[in-house]
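These notes are about the structure you will find just below.
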Amino acid sequence: MKTTVTTSVGGKQITIETGRMAKQADGSTLVTCGNNIVLVTAVSKREPATVDFFPLTVEYQEKFYATGKIPGGYFKRESKPSTEQVLIARLIDRPLRPSFPEGYRNETQVVATVLSADGSFPIEILASLGASSALHISDIPFGGPTAAIQVGRVDGHFIANPTPQQMEKSDLDVIVAGTRNGILMVEGETKFVNEAAVLGALKFAHEALQPLLNAQDELREKTGSKAKRKFEPKRIDEAFRAQVESFLTPEIQKAFQVKEKMERYAAVDEAYDKAHTAYVEAIAEKDLKAERAKDLNTIVEDVKYKVSRALILDNKIRLDGRGTQIVRPISNEVGFLPRVHGSGLFTRGETQVLGTVTLGTGDDEQSVLFSR
C-alpha cells in the first residue's frame, strides 16, 4: 500500500513515499521535491559476513534520461559513475554508517537512483533523506533517522537547500548531516568568513533538519513500525578483556610516545605480538584459540582508541607530539619533473601529493557531430 508524508524545508515541499516501487527490498522510498525524484532501496542479508568490518555499500546513480537528455558525441552509452557521483555516495554513507549498531556485520546495500532532475535543487540531499528513510522503515537494525541539508548564505542570511542561482551569490557552501541529538557530518567550503558565521550555519542546519527527521518518524508510524531484526553483538569474555587491557594499556601508551609514524606502528605491532604470546599462544583448543585471536584484534583497537583520545583530551597532545593548535610542517615544490608541462610536490608532515599536468594539441580535441 502506498504511504506518503510531506514536509517543508526552506519553503520547498518535500514528499517521502513508500509502497509503490521496489517492493521486494527490505526498505524503499521515493523522495520528491518539485521535478526532482530519487528512488532509494535498502537491503541487508540475514546472516553476518565473516569479515571483521561492516560491509556497507552505498551507490548513487545518475543517468542522462533523468534530465530528458541522452549523451552527446560519439559515445551514446553511459560509463562508470563520475567523480561527483562517487563523492555523493560518500556523503550518503557517512551519516548512515555510524548509525548502525556496533558489531553489525551483515552485508548491506543502499542504492540511490535519480529518476528525474531539473537542476534547481541539490539532489544529493534527497538521496541522503531517501537512504535514511528506507532504512528507518525497514526491519534492518538502524539507529536513525538521519538527514542532510545544504546551507548557503546570501547577504548575511542563511538559506536551506539553495538554488544554483543563490549559490552563485553565496559566501558559504556547507552540507550538514545529523540526527536529533547532534551533527554527524560537515562537508563544504567557504570564502573568507569568520568562525561565528560557520557556527551559525551549523546551528541553522541542525534546526532545519528537524522537519525531515519528523517526517521519517511519521512515515515509519504510518507504515506500521515494522519491528527491527534482533541483533546481539558478539561479546568478549570480560575476564579475558580485563587481563589483556591491563597488559596492553601501558604498552600502547609507551608506543604512542614515538613521534615517527612507521616507528610508532612498529611499536604497536610489538605490543600486539607480546599480548598474543602471553594470552593466545598458550591456548590448546583450536577453536577457542582462533576466537581469542579475533578478540585480541578488537581489544587492541579499543585500547588504541582510548589511549589516543586520552592524550588529546587530557594532555592536549597528538600522537606525533604536536599540540592541538599546531599544524604539520607544510612545503610546496613546483617544476619538480622536467618533461611534463607542469608538476608540483606538496608535503604536509609525512603526507605527500605529486600533481602533474600534460597539455594536448589540437589533434587531441574530441570531435562532436551536430545535426540540424
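We label chains A, B, ... in the order they appear in the C-alpha cells, count residues from 1 in each chain, and number ligands from 1 in the order shown.
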
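Summary of the local environment: counting only C-alpha atoms, residues at most 12 Å from A:Gly103, other than itself and those fewer than 6 positions away along its chain, are Pro48, Ala49, Thr50, Val51, Asp52, Phe53, Phe54, Pro55, Arg97, Pro141, Phe231, Glu232, Pro233, Lys234, Arg235, Ile236 and Thr298 of chain A.
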
Just-selected residues, N, CA and C atoms written as an mmCIF file, in the first residue's frame:
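Produced file result-v6.cif, reproduced below:
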data_model
loop_
_atom_site.group_PDB
_atom_site.id
_atom_site.type_symbol
_atom_site.label_atom_id
_atom_site.label_comp_id
_atom_site.auth_asym_id
_atom_site.auth_seq_id
_atom_site.Cartn_x
_atom_site.Cartn_y
_atom_site.Cartn_z
ATOM 1 N N PRO A 48 25.318 -12.794 9.165
ATOM 2 C CA PRO A 48 26.504 -11.934 9.210
ATOM 3 C C PRO A 48 27.601 -12.451 8.294
ATOM 4 N N ALA A 49 28.403 -11.523 7.782
ATOM 5 C CA ALA A 49 29.544 -11.894 6.954
ATOM 6 C C ALA A 49 30.702 -12.335 7.852
ATOM 7 N N THR A 50 31.705 -12.935 7.238
ATOM 8 C CA THR A 50 32.854 -13.431 8.004
ATOM 9 C C THR A 50 33.928 -12.368 8.184
ATOM 10 N N VAL A 51 33.743 -11.193 7.597
ATOM 11 C CA VAL A 51 34.738 -10.128 7.706
ATOM 12 C C VAL A 51 34.651 -9.462 9.070
ATOM 13 N N ASP A 52 35.710 -8.727 9.440
ATOM 14 C CA ASP A 52 35.734 -8.069 10.746
ATOM 15 C C ASP A 52 35.425 -6.581 10.637
ATOM 16 N N PHE A 53 34.625 -6.209 9.632
ATOM 17 C CA PHE A 53 34.172 -4.828 9.477
ATOM 18 C C PHE A 53 32.740 -4.854 8.962
ATOM 19 N N PHE A 54 32.091 -3.702 8.957
ATOM 20 C CA PHE A 54 30.710 -3.619 8.497
ATOM 21 C C PHE A 54 30.689 -3.465 6.970
ATOM 22 N N PRO A 55 30.243 -4.475 6.218
ATOM 23 C CA PRO A 55 30.258 -4.410 4.750
ATOM 24 C C PRO A 55 29.064 -3.635 4.189
ATOM 25 N N ARG A 97 26.625 5.140 8.270
ATOM 26 C CA ARG A 97 27.493 4.093 8.814
ATOM 27 C C ARG A 97 27.540 4.098 10.351
ATOM 28 N N PRO A 141 18.422 -3.324 11.442
ATOM 29 C CA PRO A 141 18.833 -2.570 12.643
ATOM 30 C C PRO A 141 19.497 -1.261 12.237
ATOM 31 N N PHE A 231 19.325 -8.274 16.986
ATOM 32 C CA PHE A 231 20.764 -8.322 16.765
ATOM 33 C C PHE A 231 21.481 -8.225 18.098
ATOM 34 N N GLU A 232 22.324 -9.197 18.359
ATOM 35 C CA GLU A 232 23.126 -9.202 19.575
ATOM 36 C C GLU A 232 24.597 -9.159 19.175
ATOM 37 N N PRO A 233 25.296 -8.079 19.499
ATOM 38 C CA PRO A 233 26.714 -8.013 19.142
ATOM 39 C C PRO A 233 27.523 -9.066 19.882
ATOM 40 N N LYS A 234 28.576 -9.519 19.242
ATOM 41 C CA LYS A 234 29.449 -10.508 19.868
ATOM 42 C C LYS A 234 30.095 -9.915 21.118
ATOM 43 N N ARG A 235 30.057 -10.648 22.198
ATOM 44 C CA ARG A 235 30.612 -10.172 23.453
ATOM 45 C C ARG A 235 31.918 -10.907 23.758
ATOM 46 N N ILE A 236 32.910 -10.129 24.161
ATOM 47 C CA ILE A 236 34.205 -10.694 24.521
ATOM 48 C C ILE A 236 34.188 -11.073 25.999
ATOM 49 N N THR A 298 40.276 -6.920 18.330
ATOM 50 C CA THR A 298 39.278 -5.937 18.747
ATOM 51 C C THR A 298 39.753 -5.149 19.961
#

Next item on the list: Quick one: everything within 9 Å of stretch 210-221 of chain A, counting only C-alpha atoms, minus sequence neighbours fewer than 2 positions away in the same chain. Send it as number ranges by chain.
Entry: A: 3-9, 14-18, 129, 132-133, 136-138, 144-148, 179-180, 206-208, 223-226

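Residues in contact with A:Met185 at up to 9 Å, not including ones fewer than 5 positions away on its chain and judged by only C-alpha atoms, are A:Leu91, A:Arg94, A:Pro95, A:Ala148, A:Ile175, A:Val176, A:Ala177, A:Gly178.
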
Those same residues - C-alpha atoms - I'd like them written as a PDB file, in the first residue's frame.
ATOM      1  CA  LEU A  91      28.169  11.897   1.550  1.00  0.00           C
ATOM      2  CA  ARG A  94      28.980   9.000   6.240  1.00  0.00           C
ATOM      3  CA  PRO A  95      25.905   9.694   8.406  1.00  0.00           C
ATOM      4  CA  ALA A 148      21.232  16.110   5.412  1.00  0.00           C
ATOM      5  CA  ILE A 175      26.389  20.190   3.656  1.00  0.00           C
ATOM      6  CA  VAL A 176      25.476  19.096   7.185  1.00  0.00           C
ATOM      7  CA  ALA A 177      24.079  15.704   8.185  1.00  0.00           C
ATOM      8  CA  GLY A 178      22.888  14.679  11.609  1.00  0.00           C
TER       9      GLY A 178
END

Next item on the list: as a PyMOL selection string, please: all residues of stretch 40-262 of chain A that backbone DSSP puts in alpha helix (DSSP H).
Entry: chain A and resi 83-96+123-137+164-169+195-222+238-255+261-262

Next item on the list: Name the residues in contact with A:Ser116 at a cut-off of 9 Å, using only C-alpha atoms, excluding same-chain residues fewer than 4 positions from it; report them as a PyMOL selection string.
Entry: chain A and resi 35-38+65-68

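Here the question is which of A:Phe100, A:Phe346, A:Tyr272, A:Tyr60 gets nearest to A:Thr41 using only C-alpha atoms, and that residue is A:Tyr60.
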
Checklist line | Residues within 12 Å of A:Gly156, only C-alpha atoms, excluding chain neighbours under 3 positions, as a PyMOL selection string | finding: chain A and resi 152-153+159+169-172+193-194+196-198+200-201

For C-alpha atoms, I'd like the residues from the last selection saved as a compact mmCIF listing (two decimals), in the first residue's frame.
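As a result, selection-v9.txt now contains:
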# COMPACT_ATOMS: atom_id res chain seq x y z
CA GLY A 152 24.24 28.78 1.76
CA ARG A 153 24.47 32.39 2.90
CA ILE A 159 19.39 29.59 3.11
CA LYS A 169 25.97 34.81 -4.61
CA SER A 170 26.68 32.72 -1.52
CA ASP A 171 29.88 33.07 0.51
CA LEU A 172 29.32 29.70 2.17
CA VAL A 193 34.07 34.19 6.66
CA ASN A 194 34.55 34.34 10.42
CA ALA A 196 30.78 32.82 14.08
CA ALA A 197 29.33 32.53 10.57
CA VAL A 198 30.34 28.87 10.30
CA GLY A 200 25.77 29.87 12.85
CA ALA A 201 25.48 27.80 9.68

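Note that atom CA of A:Val357 and atom CA of A:Gly342 are 5.1 Å apart.
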
Checklist line | Counting only C-alpha atoms, the residue of A:Leu202, A:Leu296, A:Ala22, A:Leu345 that sits nearest A:Glu187 | finding: A:Leu202

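Note that atom CA of A:Lys80 and atom CA of A:Ile149 are 26.6 Å apart.
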
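Atom CA of A:Tyr305 to atom CA of A:Glu189 spans 29.1 Å [interatomic distance, one decimal].
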
Notebook entry, point to check: Using only C-alpha atoms, which of A:Ala239, A:Leu87, A:Val110, A:Met167 sits nearest A:Ala25?
Noted result: A:Val110

Next item on the list: List every residue of stretch 222-334 of chain A that DSSP, applied to the backbone of this structure, assigns to strand (DSSP E or B), and report them as a PyMOL selection string.
Entry: chain A and resi 317+323+330-334

Would you save the residues of that selection, restricted to N, CA and C atoms, as a PDB file, in the first residue's frame?
ATOM      1  N   ILE A 317      47.811  16.707  23.616  1.00  0.00           N
ATOM      2  CA  ILE A 317      48.927  16.314  22.765  1.00  0.00           C
ATOM      3  C   ILE A 317      48.446  15.285  21.750  1.00  0.00           C
ATOM      4  N   GLY A 323      50.917  19.900  19.703  1.00  0.00           N
ATOM      5  CA  GLY A 323      49.781  20.388  20.472  1.00  0.00           C
ATOM      6  C   GLY A 323      48.559  20.502  19.571  1.00  0.00           C
ATOM      7  N   ILE A 330      54.408  22.356   6.371  1.00  0.00           N
ATOM      8  CA  ILE A 330      53.881  22.287   5.007  1.00  0.00           C
ATOM      9  C   ILE A 330      54.891  22.900   4.051  1.00  0.00           C
ATOM     10  N   SER A 331      55.108  22.235   2.921  1.00  0.00           N
ATOM     11  CA  SER A 331      56.002  22.771   1.900  1.00  0.00           C
ATOM     12  C   SER A 331      55.475  22.431   0.513  1.00  0.00           C
ATOM     13  N   ASN A 332      55.843  23.252  -0.478  1.00  0.00           N
ATOM     14  CA  ASN A 332      55.441  23.042  -1.867  1.00  0.00           C
ATOM     15  C   ASN A 332      56.647  23.221  -2.779  1.00  0.00           C
ATOM     16  N   GLU A 333      56.763  22.354  -3.763  1.00  0.00           N
ATOM     17  CA  GLU A 333      57.782  22.487  -4.795  1.00  0.00           C
ATOM     18  C   GLU A 333      57.088  22.434  -6.155  1.00  0.00           C
ATOM     19  N   VAL A 334      57.464  23.329  -7.062  1.00  0.00           N
ATOM     20  CA  VAL A 334      56.902  23.322  -8.408  1.00  0.00           C
ATOM     21  C   VAL A 334      58.004  23.037  -9.421  1.00  0.00           C
TER      22      VAL A 334
END

Next item on the list: Determine, counting only C-alpha atoms, which protein, DNA and RNA residues have an atom within 9 Å of an atom of stretch 277-286 of chain A; residues of the same chain fewer than 4 positions away are not included. Present the result as a list in words.
Entry: Phe240, Gln243, Val244, Tyr272, Asp273, Ala290, Glu291, Arg292, Ala293 and Leu296 of chain A

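Candidate residues A:Gly119, A:Asp26, A:Ser79, A:Ser44 were compared for distance to A:Tyr104, and the nearest is A:Ser44, using only C-alpha atoms.
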